[in-house]
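**Student:** To start, I am sharing the structure in question, which I have written as structure tokens.
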Amino acid sequence: LMARDVTTERLASESVARSERKYRMLFEAANDAIFVADTETGVILEANSMAESLLGRPLCEIIGLHQTELHPREEAEHYNQLFQEHVQGLRHYISDILVLRKDGKRIPVEIRASVTHMGEQRVILGIFRDVTERKQVEMALMASQKSLAEAQRIAHLGNWDWDLQGDHLTWSSEVYRILGMEPKSVSPSFEAFLQLVHLDDYALVRRTVEQTNRPPYPPYDMEHRLTRLDNTLVYVHQRGEIVLDTFGRPLRMMGTIQDITMRKTLELRLQEVNSQLEERVANRTRDLERSNRDLQQFAYVASHDLQEPLRLVSGFVQLLEKRYSGALDEKATQYIAYVVDGVRHMDALINSLLTYARVETQGEPFVLCESERALQRSLRYLHRIIIETSATVTHDPLPKVMADEGQLAQVFQNLIANAIKFRSETFPMIHISCSAQNGEWIFSVKDNGIGIDAQYCDRIFVIFQKLHPRSRYEGTGIGLALCKRIIERHNGRIWVESILNQGSNFYFSLPVAKTDYQIDKGIVS
């Protein structure tokens with residue numbers, strides 16, 4: 001009978017079994033796909049469950065595949081070369097690799113590989129990490145950076161970051177372009193930047209940045225000039241601020257720089273244009289003042305040098321008519337009547353011209369006045385003609401306005417007199433009303449007269465423009481032009497809406513001041 005002690009063998013066998021169990025446990029518990037391939041044939045000998053998930057294939061389909069069959073066919077030769085390099089120990093880490101799933105989807109992976117032994121067999125162990133999410137993040141980051149760079153290029157706005165502890169400065173590509181350099185052509189530094197600052201702005205820029213780097217670390221916002229390497233001048237707008245660490249010490253300075261040359265050029269041009277405009281306005285003002293003086297001189301001449309001989313002519317003609325009444329034949333008497341009528345018309349024309357010329361020079365200051373009171377003044381003046389023509393003049397409640405009351409009465413007088421003069425066969429009916437619209441008081445003087453042809457509605461406000469002969473309608477042709485001049489002095493406007501043979505509606509506007517409106521509505525007294 002023979003016996004053999006197998007304790008040592010059993011212990012060794014159990015140790016191998018434990019080792020195998022640990023290996024399998026780690027092999028299956030790994031978060032990455034693991035492939036084991038023969039170094040000589042490249043055939044996959046083993047894979048874990050994560051490999052099944054990565055490839056979308058069951059383990060039975062993976063075992064026996066050639067290493068290169070894990071990848072797209074067009075990359076087979078390239079990947080086979082990488083496999084050989086692994087076998088020879090030349091490479092241990094590969095990125096930017098694609099694996100091909102069973103459904104045709106391509107998955108980006110990173111591979112860490114090493115050559116080892118499984119028993120007597122030499123194998124290559126490859127750990128495949130799915131980097132799809134990381135690649136997506138990288139692509140999104142690249143797209144964001146590209147978008148940012150493009151936005152900076154369009155806006156001519158660059159950013160910079162200055163690590164104060166390491167004294168390391170970085171510029172975005174647009175900063176280089178603003179400075180007139182190719183991106184990454186020089187190593188960024190504050191001193192390199194200062195060399196480009198315009199000599200007249202150098203002290204300001206250096207002092208401003210240094211102040212920001214001292215307590216209380218105020219941010220800065222400034223504009224200055226740069227002279228590029230090609231000697232072109234650019235204007236820039238800079239902003240910067242300090243980032244402090246948890247102990248309140250300066251950690252970094254960050255900021256932006258924007259090329260505002262176009263804007264500054266336009267501003268300087270605008271200043272030049274404004275300066276020229278101010279000069280032209282000053283010249284025009286002097287011309288206007290001279291014109292007003294000439295107009296005043298004309299008014300003086302009209303009132304004295306023209307009216308005096310006119311009165312002389314009128315007096316002697318009337319004396320001639322009186323002394324030789326009955327001694328002259330009918331023709332002579334008619335001629336004298338023509339002269340008297342012409343003198344009277346000339347006198348009325350001169351007085352109208354004087355009134356027209358004095359609208360600006362002799363107008364009263366604007367005060368808060370009752371427009372209804374101005375209307376009543378005009379009606380008192382027109383009382384006789386209203387009675388003679390049996391005219392009816394009515395009005396709605398009218399507001400208080402900022403105006404020259406005398407001139408406002410003149411406007412009412414001229415418009416009402418016009419409505420009576422150009423009456424139809426029926427008795428004149430005139431109605432005055434007012435409403436507030438878009439910050440204006442809109443006054444209306446409506447009549448039932450003969451109306452105006454639409455093509456002449458603008459012409460009637462031109463001085464001396466008359467639509468009818470004097471033999472039919474008396475007048476100087478200045479009344480409506482005078483209304484227009486008065487309303488324009490009040491920063492308003494005047495217009496007419498009319499239909500021939502159906503009457504007219506004259507409108508004029510006056511600005512509504514806030515206080516006027518409140519007083520009119522009884523909000524304040």
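Each chain of the structure tokens is named A, B, ... in the order shown, its residues numbered from 1; ligands are numbered from 1 in display order.
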Mind the document's chain letters and residue numbers, and return as a PyMOL selection string the residues of region 206-377 of chain A that DSSP labels strand (DSSP E).
**Tutor:** chain A and resi 220-227+233-244+250-259+367-370
**Student:** With a distance cut-off of 7 Å and only C-alpha atoms, select the neighbouring residues of region 94-109 of chain A, excluding the residue or stretch itself and same-chain residues fewer than 5 positions from it, and output the selection as a list in words.
**Tutor:**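 Everything that qualifies: Leu55, Gly56, Arg57, Leu70, His71, Pro72, Phe128, Arg129, Asp130, Val131 and Thr132 of chain A.
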**Student:** Mind writing the picked residues with N, CA and C atoms as a PDB file, in the first residue's frame?
**Tutor:**
ATOM      1  N   LEU A  55     -19.866  47.076 -27.756  1.00  0.00           N
ATOM      2  CA  LEU A  55     -19.994  46.660 -29.155  1.00  0.00           C
ATOM      3  C   LEU A  55     -21.422  46.313 -29.545  1.00  0.00           C
ATOM      4  N   GLY A  56     -22.312  46.154 -28.540  1.00  0.00           N
ATOM      5  CA  GLY A  56     -23.674  45.767 -28.864  1.00  0.00           C
ATOM      6  C   GLY A  56     -23.736  44.342 -29.393  1.00  0.00           C
ATOM      7  N   ARG A  57     -22.801  43.511 -28.927  1.00  0.00           N
ATOM      8  CA  ARG A  57     -22.719  42.106 -29.382  1.00  0.00           C
ATOM      9  C   ARG A  57     -22.630  41.191 -28.158  1.00  0.00           C
ATOM     10  N   LEU A  70     -12.814  44.993 -34.668  1.00  0.00           N
ATOM     11  CA  LEU A  70     -13.556  45.843 -33.731  1.00  0.00           C
ATOM     12  C   LEU A  70     -13.744  47.253 -34.284  1.00  0.00           C
ATOM     13  N   HIS A  71     -13.036  47.601 -35.347  1.00  0.00           N
ATOM     14  CA  HIS A  71     -12.979  48.981 -35.826  1.00  0.00           C
ATOM     15  C   HIS A  71     -13.529  49.094 -37.246  1.00  0.00           C
ATOM     16  N   PRO A  72     -13.832  50.318 -37.703  1.00  0.00           N
ATOM     17  CA  PRO A  72     -14.307  50.501 -39.073  1.00  0.00           C
ATOM     18  C   PRO A  72     -13.327  49.932 -40.088  1.00  0.00           C
ATOM     19  N   PHE A 128     -10.669  49.466 -23.085  1.00  0.00           N
ATOM     20  CA  PHE A 128     -11.325  50.429 -23.973  1.00  0.00           C
ATOM     21  C   PHE A 128     -12.285  51.300 -23.143  1.00  0.00           C
ATOM     22  N   ARG A 129     -12.067  52.619 -23.165  1.00  0.00           N
ATOM     23  CA  ARG A 129     -12.951  53.545 -22.429  1.00  0.00           C
ATOM     24  C   ARG A 129     -13.791  54.339 -23.425  1.00  0.00           C
ATOM     25  N   ASP A 130     -15.103  54.254 -23.249  1.00  0.00           N
ATOM     26  CA  ASP A 130     -16.025  55.027 -24.100  1.00  0.00           C
ATOM     27  C   ASP A 130     -15.909  56.512 -23.724  1.00  0.00           C
ATOM     28  N   VAL A 131     -15.499  57.348 -24.695  1.00  0.00           N
ATOM     29  CA  VAL A 131     -15.306  58.783 -24.426  1.00  0.00           C
ATOM     30  C   VAL A 131     -16.323  59.615 -25.218  1.00  0.00           C
ATOM     31  N   THR A 132     -17.475  59.007 -25.522  1.00  0.00           N
ATOM     32  CA  THR A 132     -18.493  59.716 -26.306  1.00  0.00           C
ATOM     33  C   THR A 132     -18.906  61.023 -25.640  1.00  0.00           C
TER      34      THR A 132
END
**Student:** Enumerate, as a ChimeraX atom specification, the complete set of residues in region 117-227 of chain A that a backbone-based DSSP assignment places in alpha helix (DSSP H).
**Tutor:** /A:132-155,173-178,190-194,202-212
**Student:** Those residues you just picked out, can you put them in a file as a short mmCIF file (atom, residue, chain, number, x, y, z; two decimals), in the first residue's frame with N, CA and C atoms?
**Tutor:**
data_model
loop_
_atom_site.label_atom_id
_atom_site.label_comp_id
_atom_site.auth_asym_id
_atom_site.auth_seq_id
_atom_site.Cartn_x
_atom_site.Cartn_y
_atom_site.Cartn_z
N THR A 132 -17.48 59.01 -25.52
CA THR A 132 -18.49 59.72 -26.31
C THR A 132 -18.91 61.02 -25.64
N GLU A 133 -19.24 60.95 -24.34
CA GLU A 133 -19.70 62.16 -23.65
C GLU A 133 -18.60 63.21 -23.60
N ARG A 134 -17.37 62.76 -23.32
CA ARG A 134 -16.26 63.71 -23.26
C ARG A 134 -16.05 64.38 -24.61
N LYS A 135 -16.15 63.57 -25.69
CA LYS A 135 -15.98 64.13 -27.03
C LYS A 135 -17.07 65.15 -27.33
N GLN A 136 -18.29 64.84 -26.89
CA GLN A 136 -19.39 65.77 -27.10
C GLN A 136 -19.13 67.08 -26.36
N VAL A 137 -18.65 66.96 -25.13
CA VAL A 137 -18.32 68.16 -24.36
C VAL A 137 -17.19 68.94 -25.04
N GLU A 138 -16.18 68.20 -25.51
CA GLU A 138 -15.07 68.86 -26.19
C GLU A 138 -15.54 69.58 -27.45
N MET A 139 -16.41 68.90 -28.22
CA MET A 139 -16.93 69.51 -29.44
C MET A 139 -17.77 70.74 -29.12
N ALA A 140 -18.59 70.64 -28.06
CA ALA A 140 -19.40 71.79 -27.66
C ALA A 140 -18.51 72.93 -27.21
N LEU A 141 -17.43 72.59 -26.48
CA LEU A 141 -16.50 73.60 -26.02
C LEU A 141 -15.79 74.26 -27.20
N MET A 142 -15.38 73.42 -28.16
CA MET A 142 -14.72 73.96 -29.35
C MET A 142 -15.67 74.87 -30.13
N ALA A 143 -16.94 74.45 -30.25
CA ALA A 143 -17.93 75.27 -30.96
C ALA A 143 -18.15 76.58 -30.22
N SER A 144 -18.19 76.49 -28.87
CA SER A 144 -18.39 77.69 -28.08
C SER A 144 -17.20 78.64 -28.23
N GLN A 145 -16.00 78.07 -28.19
CA GLN A 145 -14.80 78.90 -28.34
C GLN A 145 -14.74 79.53 -29.73
N LYS A 146 -15.15 78.73 -30.74
CA LYS A 146 -15.17 79.26 -32.10
C LYS A 146 -16.19 80.39 -32.22
N SER A 147 -17.36 80.16 -31.62
CA SER A 147 -18.41 81.18 -31.64
C SER A 147 -17.96 82.44 -30.92
N LEU A 148 -17.29 82.25 -29.75
CA LEU A 148 -16.78 83.40 -29.00
C LEU A 148 -15.75 84.16 -29.81
N ALA A 149 -14.83 83.41 -30.44
CA ALA A 149 -13.79 84.05 -31.24
C ALA A 149 -14.40 84.82 -32.41
N GLU A 150 -15.44 84.23 -33.02
CA GLU A 150 -16.10 84.90 -34.14
C GLU A 150 -16.83 86.15 -33.66
N ALA A 151 -17.49 86.03 -32.50
CA ALA A 151 -18.19 87.19 -31.94
C ALA A 151 -17.20 88.30 -31.61
N GLN A 152 -16.04 87.93 -31.05
CA GLN A 152 -15.02 88.93 -30.75
C GLN A 152 -14.49 89.58 -32.02
N ARG A 153 -14.33 88.76 -33.06
CA ARG A 153 -13.84 89.32 -34.33
C ARG A 153 -14.84 90.33 -34.90
N ILE A 154 -16.12 89.97 -34.87
CA ILE A 154 -17.14 90.85 -35.41
C ILE A 154 -17.24 92.13 -34.60
N ALA A 155 -17.19 91.98 -33.28
CA ALA A 155 -17.33 93.15 -32.39
C ALA A 155 -16.01 93.89 -32.17
N SER A 173 -7.24 85.87 -29.48
CA SER A 173 -6.77 86.15 -30.84
C SER A 173 -7.16 87.56 -31.27
N GLU A 174 -8.33 88.03 -30.82
CA GLU A 174 -8.77 89.36 -31.25
C GLU A 174 -7.92 90.46 -30.65
N VAL A 175 -7.36 90.23 -29.45
CA VAL A 175 -6.45 91.22 -28.86
C VAL A 175 -5.24 91.41 -29.78
N TYR A 176 -4.68 90.29 -30.24
CA TYR A 176 -3.55 90.38 -31.18
C TYR A 176 -3.94 91.20 -32.40
N ARG A 177 -5.12 90.91 -32.96
CA ARG A 177 -5.53 91.62 -34.18
C ARG A 177 -5.73 93.10 -33.92
N ILE A 178 -6.31 93.45 -32.75
CA ILE A 178 -6.49 94.86 -32.40
C ILE A 178 -5.14 95.56 -32.30
N PHE A 190 2.46 93.02 -20.16
CA PHE A 190 1.96 94.38 -19.97
C PHE A 190 2.92 95.38 -20.59
N GLU A 191 4.22 95.12 -20.46
CA GLU A 191 5.21 96.04 -21.03
C GLU A 191 5.12 96.07 -22.55
N ALA A 192 4.88 94.89 -23.15
CA ALA A 192 4.73 94.85 -24.62
C ALA A 192 3.52 95.66 -25.05
N PHE A 193 2.46 95.61 -24.25
CA PHE A 193 1.27 96.40 -24.56
C PHE A 193 1.55 97.89 -24.41
N LEU A 194 2.25 98.25 -23.32
CA LEU A 194 2.53 99.67 -23.08
C LEU A 194 3.36 100.29 -24.20
N TYR A 202 0.17 107.42 -22.50
CA TYR A 202 0.98 106.42 -21.79
C TYR A 202 0.84 106.55 -20.27
N ALA A 203 1.02 107.77 -19.76
CA ALA A 203 0.98 107.97 -18.30
C ALA A 203 -0.39 107.61 -17.74
N LEU A 204 -1.44 107.98 -18.45
CA LEU A 204 -2.80 107.68 -17.99
C LEU A 204 -3.02 106.18 -17.89
N VAL A 205 -2.62 105.44 -18.93
CA VAL A 205 -2.86 103.99 -18.96
C VAL A 205 -2.08 103.31 -17.85
N ARG A 206 -0.80 103.65 -17.72
CA ARG A 206 0.03 102.99 -16.69
C ARG A 206 -0.49 103.31 -15.30
N ARG A 207 -0.85 104.57 -15.06
CA ARG A 207 -1.33 104.96 -13.73
C ARG A 207 -2.66 104.27 -13.41
N THR A 208 -3.54 104.17 -14.38
CA THR A 208 -4.86 103.56 -14.17
C THR A 208 -4.73 102.09 -13.81
N VAL A 209 -3.89 101.35 -14.55
CA VAL A 209 -3.72 99.92 -14.29
C VAL A 209 -3.04 99.71 -12.93
N GLU A 210 -2.07 100.54 -12.61
CA GLU A 210 -1.38 100.40 -11.32
C GLU A 210 -2.32 100.70 -10.16
N GLN A 211 -3.21 101.68 -10.31
CA GLN A 211 -4.17 101.99 -9.25
C GLN A 211 -5.14 100.83 -9.03
N THR A 212 -5.53 100.17 -10.12
CA THR A 212 -6.43 99.02 -9.99
C THR A 212 -5.76 97.88 -9.25
#
**Student:** With distances taken over only C-alpha atoms, which of A:Leu226, A:Asp458, A:Gly449, A:Gln121 is nearest to Ser424 (chain A)?
**Tutor:** A:Gly449
**Student:** Show me, as a list of chain:residue names, the residues that have an atom within 12 Å of Val339 (chain A) when counting only C-alpha atoms, minus same-chain residues fewer than 6 positions from it.
**Tutor:** A:Leu310, A:Val313, A:Ser314, A:Gly315, A:Phe316, A:Val317, A:Gln318, A:Leu320, A:Glu321, A:Ala332, A:Thr333, A:His345, A:Met346
**Student:** Would you export the selected residues with all heavy atoms as a compact mmCIF listing (two decimals), in the first residue's frame, please?
**Tutor:**
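The result, written out as part12.txt:
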# COMPACT_ATOMS: atom_id res chain seq x y z
N LEU A 310 -48.60 159.48 -49.16
CA LEU A 310 -49.90 158.91 -49.51
C LEU A 310 -51.01 159.74 -48.91
O LEU A 310 -52.04 160.00 -49.56
CB LEU A 310 -49.97 157.47 -49.00
CG LEU A 310 -51.14 156.64 -49.50
CD1 LEU A 310 -51.07 156.46 -51.02
CD2 LEU A 310 -51.14 155.27 -48.84
N VAL A 313 -51.33 162.86 -51.00
CA VAL A 313 -52.08 162.62 -52.23
C VAL A 313 -53.57 162.51 -51.93
O VAL A 313 -54.43 163.10 -52.61
CB VAL A 313 -51.58 161.34 -52.94
CG1 VAL A 313 -52.51 160.98 -54.09
CG2 VAL A 313 -50.17 161.55 -53.43
N SER A 314 -53.89 161.76 -50.89
CA SER A 314 -55.29 161.56 -50.52
C SER A 314 -55.95 162.89 -50.16
O SER A 314 -57.09 163.18 -50.57
CB SER A 314 -55.38 160.58 -49.34
OG SER A 314 -56.72 160.44 -48.91
N GLY A 315 -55.25 163.73 -49.38
CA GLY A 315 -55.81 165.02 -48.96
C GLY A 315 -56.10 165.94 -50.13
O GLY A 315 -57.18 166.55 -50.22
N PHE A 316 -55.13 166.01 -51.05
CA PHE A 316 -55.32 166.91 -52.18
C PHE A 316 -56.39 166.39 -53.15
O PHE A 316 -57.14 167.18 -53.74
CB PHE A 316 -54.00 167.12 -52.94
CG PHE A 316 -53.16 168.22 -52.34
CD1 PHE A 316 -52.08 167.93 -51.53
CD2 PHE A 316 -53.49 169.57 -52.56
CE1 PHE A 316 -51.33 168.94 -50.97
CE2 PHE A 316 -52.71 170.57 -52.00
CZ PHE A 316 -51.63 170.27 -51.20
N VAL A 317 -56.47 165.08 -53.31
CA VAL A 317 -57.52 164.54 -54.19
C VAL A 317 -58.89 164.82 -53.59
O VAL A 317 -59.84 165.21 -54.30
CB VAL A 317 -57.31 163.03 -54.40
CG1 VAL A 317 -58.53 162.41 -55.07
CG2 VAL A 317 -56.08 162.77 -55.24
N GLN A 318 -59.02 164.63 -52.27
CA GLN A 318 -60.29 164.92 -51.62
C GLN A 318 -60.63 166.40 -51.70
O GLN A 318 -61.79 166.80 -51.90
CB GLN A 318 -60.25 164.45 -50.16
CG GLN A 318 -60.21 162.93 -50.00
CD GLN A 318 -60.05 162.50 -48.55
OE1 GLN A 318 -60.25 163.31 -47.64
NE2 GLN A 318 -59.69 161.24 -48.34
N LEU A 320 -59.61 168.42 -54.10
CA LEU A 320 -59.96 168.64 -55.49
C LEU A 320 -61.41 168.25 -55.74
O LEU A 320 -62.16 168.97 -56.42
CB LEU A 320 -59.02 167.83 -56.39
CG LEU A 320 -59.17 167.99 -57.90
CD1 LEU A 320 -58.82 169.41 -58.34
CD2 LEU A 320 -58.26 166.99 -58.62
N GLU A 321 -61.79 167.11 -55.17
CA GLU A 321 -63.15 166.62 -55.34
C GLU A 321 -64.15 167.58 -54.72
O GLU A 321 -65.22 167.85 -55.30
CB GLU A 321 -63.26 165.22 -54.72
CG GLU A 321 -64.64 164.59 -54.89
CD GLU A 321 -64.73 163.23 -54.21
OE1 GLU A 321 -64.00 163.01 -53.22
OE2 GLU A 321 -65.52 162.38 -54.66
N ALA A 332 -64.16 162.93 -65.25
CA ALA A 332 -63.20 163.45 -64.28
C ALA A 332 -63.58 163.01 -62.87
O ALA A 332 -62.73 162.63 -62.06
CB ALA A 332 -63.14 164.98 -64.37
N THR A 333 -64.89 163.07 -62.57
CA THR A 333 -65.35 162.64 -61.24
C THR A 333 -65.05 161.16 -61.02
O THR A 333 -64.65 160.75 -59.93
CB THR A 333 -66.87 162.88 -61.12
OG1 THR A 333 -67.15 164.28 -61.33
CG2 THR A 333 -67.37 162.47 -59.74
N HIS A 345 -56.87 151.71 -50.76
CA HIS A 345 -56.36 150.35 -50.85
C HIS A 345 -54.87 150.31 -50.53
O HIS A 345 -54.40 149.39 -49.83
CB HIS A 345 -56.61 149.79 -52.25
CG HIS A 345 -56.12 148.37 -52.41
ND1 HIS A 345 -56.69 147.30 -51.76
CD2 HIS A 345 -55.08 147.86 -53.14
CE1 HIS A 345 -56.07 146.19 -52.08
NE2 HIS A 345 -55.07 146.51 -52.93
N MET A 346 -54.13 151.33 -51.04
CA MET A 346 -52.68 151.38 -50.75
C MET A 346 -52.45 151.56 -49.26
O MET A 346 -51.54 150.94 -48.68
CB MET A 346 -52.05 152.53 -51.53
CG MET A 346 -50.54 152.61 -51.40
SD MET A 346 -49.75 151.17 -52.16
CE MET A 346 -48.02 151.56 -51.87
**Student:** Using only C-alpha atoms, which residues sit within 9 Å of Leu379 (chain A) once same-chain residues fewer than 4 positions away are excluded, as an MDAnalysis selection string?
**Tutor:** chainID A and resid 374:375 383 386 393 409 412:413 416
**Student:** What would the file look like if the residues just selected were written as an mmCIF file, in the first residue's frame with C-alpha atoms?
**Tutor:**
data_model
loop_
_atom_site.group_PDB
_atom_site.id
_atom_site.type_symbol
_atom_site.label_atom_id
_atom_site.label_comp_id
_atom_site.auth_asym_id
_atom_site.auth_seq_id
_atom_site.Cartn_x
_atom_site.Cartn_y
_atom_site.Cartn_z
ATOM 1 C CA ALA A 374 -59.182 136.424 -27.436
ATOM 2 C CA LEU A 375 -62.175 135.282 -29.519
ATOM 3 C CA HIS A 383 -69.497 143.422 -34.488
ATOM 4 C CA ILE A 386 -71.584 140.529 -38.247
ATOM 5 C CA VAL A 393 -70.896 132.949 -34.763
ATOM 6 C CA ALA A 409 -57.333 137.558 -31.369
ATOM 7 C CA PHE A 412 -59.632 134.645 -34.929
ATOM 8 C CA GLN A 413 -60.522 138.027 -36.459
ATOM 9 C CA ILE A 416 -63.965 134.885 -39.092
#
